[in-house]
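A.B. asks: My file is model-v4.cif. It has mmCIF, C-alpha atoms:
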```cif
data_input
#
loop_
_atom_site.label_atom_id
_atom_site.label_comp_id
_atom_site.auth_asym_id
_atom_site.auth_seq_id
_atom_site.Cartn_x
_atom_site.Cartn_y
_atom_site.Cartn_z
CA MET A 199 113.18 42.57 49.46
CA GLU A 200 114.64 41.80 52.88
CA HIS A 201 114.22 38.17 53.84
CA ARG A 202 113.50 36.75 57.29
CA ASN A 203 113.46 33.30 55.73
CA TYR A 204 116.69 31.33 56.17
CA PHE A 205 116.55 29.63 52.76
CA LEU A 206 116.19 32.94 50.92
CA ALA A 207 118.82 34.56 53.13
CA ALA A 208 121.28 31.81 52.16
CA LEU A 209 120.94 32.43 48.41
CA SER A 210 123.91 33.66 46.45
CA ARG A 211 123.55 36.97 44.64
CA GLU A 212 123.33 35.08 41.34
CA ASP A 213 120.55 32.79 42.57
CA LEU A 214 118.62 35.65 44.13
CA ALA A 215 118.89 37.68 40.93
CA ALA A 216 117.65 34.74 38.89
CA LEU A 217 114.68 34.06 41.17
CA SER A 218 113.70 37.59 42.18
CA PRO A 219 111.33 38.21 39.24
CA GLY A 220 109.23 35.25 40.39
CA LEU A 221 109.28 35.92 44.14
CA LYS A 222 106.03 37.32 45.50
CA GLU A 223 105.24 38.29 49.08
CA VAL A 224 101.89 36.82 50.18
CA VAL A 225 99.81 36.62 53.34
CA ILE A 226 98.80 33.09 54.31
CA ALA A 227 95.56 32.58 56.22
CA GLY A 228 95.42 30.18 59.14
CA GLN A 229 94.43 26.67 57.96
CA GLN A 230 95.07 27.63 54.30
CA LEU A 231 95.77 24.50 52.26
CA VAL A 232 98.79 24.62 49.93
CA SER A 233 99.29 20.96 49.02
CA ASP A 234 97.40 17.68 49.05
CA PRO A 235 98.46 14.07 48.40
CA GLY A 236 98.55 13.19 44.71
CA ARG A 237 99.17 16.76 43.55
CA ILE A 238 102.34 18.22 42.06
CA ALA A 239 103.40 21.41 43.83
CA GLU A 240 102.54 24.59 41.95
CA PHE A 241 104.53 26.81 44.29
CA VAL A 242 107.32 26.76 46.83
CA TYR A 243 106.54 28.80 49.95
CA PHE A 244 109.25 30.46 52.03
CA PRO A 245 107.59 31.37 55.35
CA THR A 246 108.50 34.66 57.01
CA GLY A 247 105.85 34.62 59.73
CA ALA A 248 103.55 31.75 58.86
CA CYS A 249 104.14 28.21 60.09
CA PHE A 250 103.09 25.23 57.97
CA SER A 251 102.14 21.70 59.01
CA VAL A 252 103.10 18.63 57.04
CA VAL A 253 100.40 16.04 57.76
CA THR A 254 100.08 12.35 56.97
CA LEU A 255 96.51 11.23 56.26
CA MET A 256 95.24 7.79 57.21
CA SER A 257 92.57 5.83 55.33
CA ASP A 258 90.10 6.28 58.20
CA GLY A 259 90.40 10.06 57.97
CA ARG A 260 92.75 10.59 60.89
CA ALA A 261 95.64 12.99 60.42
CA VAL A 262 99.01 13.12 62.18
CA GLU A 263 101.48 15.97 61.87
CA THR A 264 104.94 14.74 60.93
CA SER A 265 106.80 18.05 60.75
CA THR A 266 106.43 21.81 60.82
CA ILE A 267 108.08 24.34 58.55
CA GLY A 268 108.54 28.02 59.28
CA ARG A 269 111.07 30.74 58.65
CA GLU A 270 113.97 28.28 58.79
CA SER A 271 113.14 26.52 55.51
CA ALA A 272 110.59 26.19 52.71
CA VAL A 273 107.45 24.24 51.85
CA GLY A 274 107.32 21.95 48.83
CA LEU A 275 111.04 21.77 48.08
CA LEU A 276 111.31 18.16 46.90
CA SER A 277 107.98 18.07 45.12
CA ALA A 278 108.88 21.23 43.21
CA ALA A 279 112.45 20.12 42.49
CA THR A 280 111.44 16.72 41.13
CA ALA A 281 107.94 17.40 39.75
CA ALA A 282 106.81 14.43 41.86
CA VAL A 283 103.36 14.29 43.41
CA SER A 284 103.09 15.16 47.08
CA THR A 285 102.43 12.39 49.61
CA HIS A 286 101.32 14.75 52.37
CA ARG A 287 98.78 17.43 53.12
CA ILE A 288 100.39 20.78 53.89
CA PHE A 289 98.50 23.71 55.35
CA ALA A 290 99.15 26.77 57.49
CA GLN A 291 99.26 25.86 61.16
CA ILE A 292 99.63 29.57 61.93
CA GLY A 293 98.83 32.28 59.41
CA GLY A 294 101.30 34.97 58.49
CA GLY A 295 103.68 36.16 55.84
CA ALA A 296 105.48 34.09 53.21
CA VAL A 297 107.28 34.51 49.92
CA ARG A 298 105.94 32.43 47.03
CA LEU A 299 107.81 31.13 43.98
CA GLY A 300 106.50 29.11 41.05
CA ALA A 301 107.62 25.48 41.19
CA ASP A 302 108.75 25.55 37.57
CA LEU A 303 111.12 28.45 38.26
CA PHE A 304 112.45 26.71 41.35
CA ARG A 305 113.03 23.48 39.44
CA ALA A 306 114.80 25.29 36.61
CA ARG A 307 117.21 26.84 39.10
CA VAL A 308 117.91 23.46 40.72
CA LEU A 309 118.88 22.12 37.30
CA ALA A 310 120.91 25.21 36.39
CA ASN A 311 123.06 25.57 39.51
CA PRO A 312 124.53 22.67 41.52
CA ALA A 313 125.10 24.97 44.51
CA PHE A 314 121.39 25.82 44.58
CA ALA A 315 120.55 22.12 44.34
CA GLN A 316 122.88 21.44 47.27
CA LEU A 317 121.15 24.13 49.35
CA THR A 318 117.81 22.49 48.55
CA LEU A 319 119.11 19.10 49.69
CA LEU A 320 120.51 20.63 52.88
CA HIS A 321 117.05 21.91 53.79
CA ALA A 322 115.35 18.70 52.72
CA ARG A 323 117.71 16.77 55.01
CA ALA A 324 116.92 19.01 57.98
CA ASN A 325 113.19 18.52 57.41
CA ALA A 326 113.69 14.76 57.11
CA VAL A 327 115.63 14.65 60.40
CA GLN A 328 112.71 16.40 62.11
CA ALA A 329 110.22 13.84 60.78
CA GLU A 330 112.44 10.88 61.66
CA GLN A 331 113.03 12.15 65.18
CA GLY A 332 109.31 12.65 65.61
CA VAL A 333 108.63 8.97 64.91
CA ALA A 334 111.01 7.93 67.69
CA CYS A 335 109.70 10.63 70.01
CA ASN A 336 106.07 9.55 69.67
CA ALA A 337 107.06 5.99 70.50
CA VAL A 338 109.05 6.54 73.68
CA HIS A 339 108.34 9.93 75.29
CA ASP A 340 105.45 11.06 77.46
CA LEU A 341 102.78 13.39 76.12
CA ALA A 342 103.70 16.50 78.12
CA ALA A 343 107.33 16.26 76.96
CA ARG A 344 106.23 15.85 73.33
CA LEU A 345 103.86 18.78 73.59
CA ALA A 346 106.60 20.94 75.10
CA ARG A 347 108.85 20.02 72.17
CA TRP A 348 106.22 20.96 69.58
CA LEU A 349 105.47 24.28 71.27
CA LEU A 350 109.16 25.21 71.36
CA MET A 351 109.50 24.28 67.70
CA THR A 352 106.48 26.43 66.84
CA GLU A 353 107.97 29.43 68.62
CA ASP A 354 111.25 28.92 66.76
CA ARG A 355 109.54 28.74 63.39
CA VAL A 356 107.17 31.65 63.89
CA GLY A 357 109.73 33.83 65.66
CA ALA A 358 107.28 34.85 68.40
CA ALA A 359 106.36 33.52 71.84
CA SER A 360 102.60 34.05 71.34
CA PHE A 361 100.49 32.43 68.62
CA MET A 362 97.04 31.02 67.91
CA LEU A 363 96.81 27.28 68.53
CA THR A 364 93.68 25.26 69.20
CA GLN A 365 93.53 22.16 71.38
CA ASP A 366 92.28 20.20 68.36
CA TYR A 367 95.45 21.14 66.55
CA MET A 368 97.66 20.32 69.55
CA ALA A 369 96.02 16.88 69.55
CA MET A 370 96.98 16.40 65.89
CA MET A 371 100.51 17.64 66.61
CA THR A 372 101.02 14.97 69.24
CA GLY A 373 98.85 12.21 67.78
CA VAL A 374 96.49 11.85 70.76
CA GLN A 375 92.88 12.54 71.70
CA ARG A 376 91.81 16.11 72.46
CA SER A 377 91.04 15.23 76.09
CA SER A 378 94.57 13.93 76.59
CA VAL A 379 96.27 16.99 75.13
CA SER A 380 93.97 19.26 77.16
CA SER A 381 95.23 17.60 80.32
CA ALA A 382 98.87 17.92 79.22
CA ALA A 383 98.45 21.60 78.30
CA SER A 384 96.76 22.28 81.64
CA SER A 385 99.72 20.68 83.41
CA LEU A 386 102.17 22.94 81.57
CA LYS A 387 99.99 25.95 82.39
CA ARG A 388 99.80 25.08 86.11
CA SER A 389 103.59 24.81 86.13
CA GLY A 390 103.82 28.38 84.84
CA LEU A 391 105.45 27.34 81.57
CA ILE A 392 102.69 28.49 79.23
CA ASP A 393 99.54 30.57 79.31
CA TYR A 394 96.62 29.36 77.26
CA SER A 395 93.13 30.78 76.73
CA ARG A 396 90.60 30.54 73.88
CA GLY A 397 93.08 29.25 71.35
CA HIS A 398 95.77 31.80 72.13
CA LEU A 399 98.98 30.33 73.57
CA THR A 400 101.97 32.16 75.05
CA ILE A 401 105.22 30.56 76.12
CA VAL A 402 105.88 32.21 79.48
CA ASP A 403 108.98 30.33 80.64
CA ARG A 404 110.97 29.12 77.65
CA ALA A 405 113.87 27.78 79.73
CA GLY A 406 111.45 25.82 81.91
CA LEU A 407 109.63 24.49 78.87
CA GLN A 408 112.95 23.34 77.42
CA ARG A 409 113.67 21.44 80.63
CA ARG A 410 110.24 19.81 80.38
CA ALA A 411 110.69 18.89 76.72
CA CYS A 412 112.23 15.60 75.71
CA GLU A 413 115.71 15.21 74.24
CA CYS A 414 114.24 15.26 70.74
CA TYR A 415 113.88 19.03 70.85
CA GLY A 416 117.66 19.37 71.03
CA VAL A 417 118.11 17.12 68.00
CA VAL A 418 115.63 19.10 65.90
CA ASP A 419 116.91 22.45 67.20
CA ALA A 420 120.43 21.53 66.07
CA GLN A 421 119.08 21.32 62.50
CA PHE A 422 117.28 24.65 62.93
CA GLN A 423 120.45 26.34 64.21
CA SER A 424 122.49 24.82 61.38
CA LEU A 425 120.18 26.35 58.79
CA ARG A 426 120.31 29.70 60.59
CA ARG A 427 124.12 29.69 60.68
CA HIS A 428 124.22 28.77 57.01
CA ALA A 429 122.01 31.77 56.21
CA GLU A 430 124.11 34.09 58.40
CA LEU A 431 127.36 33.01 56.75
CA ALA A 432 125.90 33.51 53.30
CA SER A 433 124.77 37.03 54.13
CA THR A 434 128.17 38.21 55.43
#
```
Would you encode the structure as structure tokens?
C.D. replies:
Amino acid sequence: MEHRNYFLAALSREDLAALSPGLKEVVIAGQQLVSDPGRIAEFVYFPTGACFSVVTLMSDGRAVETSTIGRESAVGLLSAATAAVSTHRIFAQIGGGAVRLGADLFRARVLANPAFAQLTLLHARANAVQAEQGVACNAVHDLAARLARWLLMTEDRVGAASFMLTQDYMAMMTGVQRSSVSSAASSLKRSGLIDYSRGHLTIVDRAGLQRRACECYGVVDAQFQSLRRHAELAST
């Protein structure tokens, strides 16, 4: 099984041999729910083409995306490793391929091999940095810059410049009303940075979109590149 996922690519031969019997390639549908608050993770998902959203739910029913996870990492790491209940809703932002592993097998490997546990913590840290940076970003940066950041992150995690993305979802990504995000997306489209029609978005000018994005993209991208380099070094 050849892995596009950076976590799986970073596994040692011993870890991969131990986990391989439990690894299963699956196809994730768009909007498919994989975790809800109050539940213990049954599986860890290693995206290969899908992109997952980690969402915080408010008591009034509103939802705000705090991070996204794609091919660079895995979904449900800490919940699976600790058998703790999830505090977030996690679902597929963009459908696609993933590799699934039972949480019990993942947890057993964390306990059996300190190096595997360290790899898990490395990925958990990168995901935490993304969420922390997002809090600061939402407080100080304008909407178009935040939207540009999220779109670049989505391309990175999916590994493609075109993907399905509704305006309702873009509103949740950025924590604003649909009308506001529609205006911001239209501005990016008029500038020739993206093309958008009927829920299908294409990044046309990545370099221009990076210039329009806020500084937070660089902070999050540094974590993404670190995980990629770690996977590349492990595979050599």
A.B. asks: May I have the protein, DNA and RNA residues with an atom at most 6 Å from (102.7, 21.4, 54.4), counting all atoms listed in the file in the file's coordinates, returned as a VMD selection string?
C.D. replies: chain A and resid 250 to 252 287 to 289
A.B. asks: Please return, as a ChimeraX atom specification, all polymer residues that have at least one atom within 8 Å of the point (106.3, 22.2, 61.0); use all atoms listed in the file and the file's own coordinate frame.
C.D. replies: /A:249-252,263-268,291,351-352,355
A.B. asks: Applied to the shown file, which residues does the PyMOL selection byres ((chain A and resi 284) around 12) return, written as a PyMOL selection string?
C.D. replies: chain A and resi 232-240+252-255+273-283+285-288
A.B. asks: Which residues, written as a list in words, have at least one atom at most 7 Å from His428 (chain A), with all atoms listed in the file counted and residues fewer than 4 positions away on the same chain left out?
C.D. replies: Ala208, Ser424 and Ala432 of chain A
A.B. asks: Neighbouring residues of Val224 (chain A) were defined as those with any atom within 12 Å, considering only C-alpha atoms; residues of the same chain fewer than 3 positions away were excluded. Please report them as a list in words.
C.D. replies: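 Residues meeting the cut-off are Leu221, Ala227, Phe241, Val242, Tyr243, Phe244, Pro245, Thr246, Gly247, Ala248, Gly293, Gly294, Gly295, Ala296, Val297, Arg298 and Leu299 of chain A.
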A.B. asks: Would you write out, as a short mmCIF file (atom, residue, chain, number, x, y, z; two decimals) with C-alpha atoms, in the coordinates of the input, every residue that the PyMOL selection byres ((chain A and resi 319) around 12) captures in this file?
C.D. replies:
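Result written to part37.cif:
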```
data_model
loop_
_atom_site.label_atom_id
_atom_site.label_comp_id
_atom_site.auth_asym_id
_atom_site.auth_seq_id
_atom_site.Cartn_x
_atom_site.Cartn_y
_atom_site.Cartn_z
CA PHE A 205 116.55 29.63 52.76
CA SER A 271 113.14 26.52 55.51
CA ALA A 272 110.59 26.19 52.71
CA LEU A 275 111.04 21.77 48.08
CA LEU A 276 111.31 18.16 46.90
CA ALA A 279 112.45 20.12 42.49
CA THR A 280 111.44 16.72 41.13
CA VAL A 308 117.91 23.46 40.72
CA PRO A 312 124.53 22.67 41.52
CA ALA A 313 125.10 24.97 44.51
CA PHE A 314 121.39 25.82 44.58
CA ALA A 315 120.55 22.12 44.34
CA GLN A 316 122.88 21.44 47.27
CA LEU A 317 121.15 24.13 49.35
CA THR A 318 117.81 22.49 48.55
CA LEU A 320 120.51 20.63 52.88
CA HIS A 321 117.05 21.91 53.79
CA ALA A 322 115.35 18.70 52.72
CA ARG A 323 117.71 16.77 55.01
CA ALA A 324 116.92 19.01 57.98
CA ASN A 325 113.19 18.52 57.41
CA ALA A 326 113.69 14.76 57.11
CA LEU A 425 120.18 26.35 58.79
#
```
A.B. asks: Would you kindly return, as a list in words, each protein, DNA or RNA residue with an atom no farther than 10 Å from any atom of Leu399 (chain A), considering all atoms listed in the file and excluding same-chain residues fewer than 5 positions away?
C.D. replies: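 Everything that qualifies: Leu349, Ala359, Ser360, Phe361, Met362, Leu363, Thr364, Ala383, Lys387, Ile392, Asp393 and Tyr394 of chain A.
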A.B. asks: Report, in Å to a single decimal, how far apart CA of Ala358 (chain A) and CA of Leu391 (chain A) are.
C.D. replies: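 Answer for the CA of Leu391 (chain A) to CA of Ala358 (chain A) separation: 15.3 Å.
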A.B. asks: Between A:Gly300, A:Gly259, A:Gly397, A:Gly406, which has the minimum distance to Lys222 (chain A) (counting only C-alpha atoms)?
C.D. replies: A:Gly300
A.B. asks: Counting all atoms listed in the file, which of A:Met368, A:Leu209, A:Val225, A:Ala343 gets nearest to Val262 (chain A)?
C.D. replies: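 Comparing A:Met368, A:Leu209, A:Val225, A:Ala343 against Val262 (chain A), the winner is A:Met368.
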A.B. asks: Given the choices A:Leu431, A:Ala216, A:Leu386, A:Gln365, which gets closest to Asn311 (chain A) if the distance is worked out from only C-alpha atoms?
C.D. replies: A:Ala216
A.B. asks: Looking at only C-alpha atoms, which of A:Ser257, A:Tyr415, A:Val333, A:Asp213 is the one that sits closest to Ala306 (chain A)?
C.D. replies: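 Under the stated criterion, the closest residue is A:Asp213.
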A.B. asks: Take CA of Arg269 (chain A) and CA of Leu231 (chain A) and report the distance between them in Å, one decimal.
C.D. replies: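 About the pair CA of Arg269 (chain A) and CA of Leu231 (chain A): they are 17.7 Å apart.
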A.B. asks: Let me make sure I understand: among A:Ala301, A:Ala329, A:Ala411, A:Val402, which one has the smallest atom-to-atom distance to Arg388 (chain A) if we use all atoms listed in the file?
C.D. replies: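 With all atoms listed in the file as the atom set, the closest residue is A:Val402.
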A.B. asks: Just give me the gap between CA of His339 (chain A) and CA of Val356 (chain A) in Å, one decimal is fine.
C.D. replies: 24.6 Å
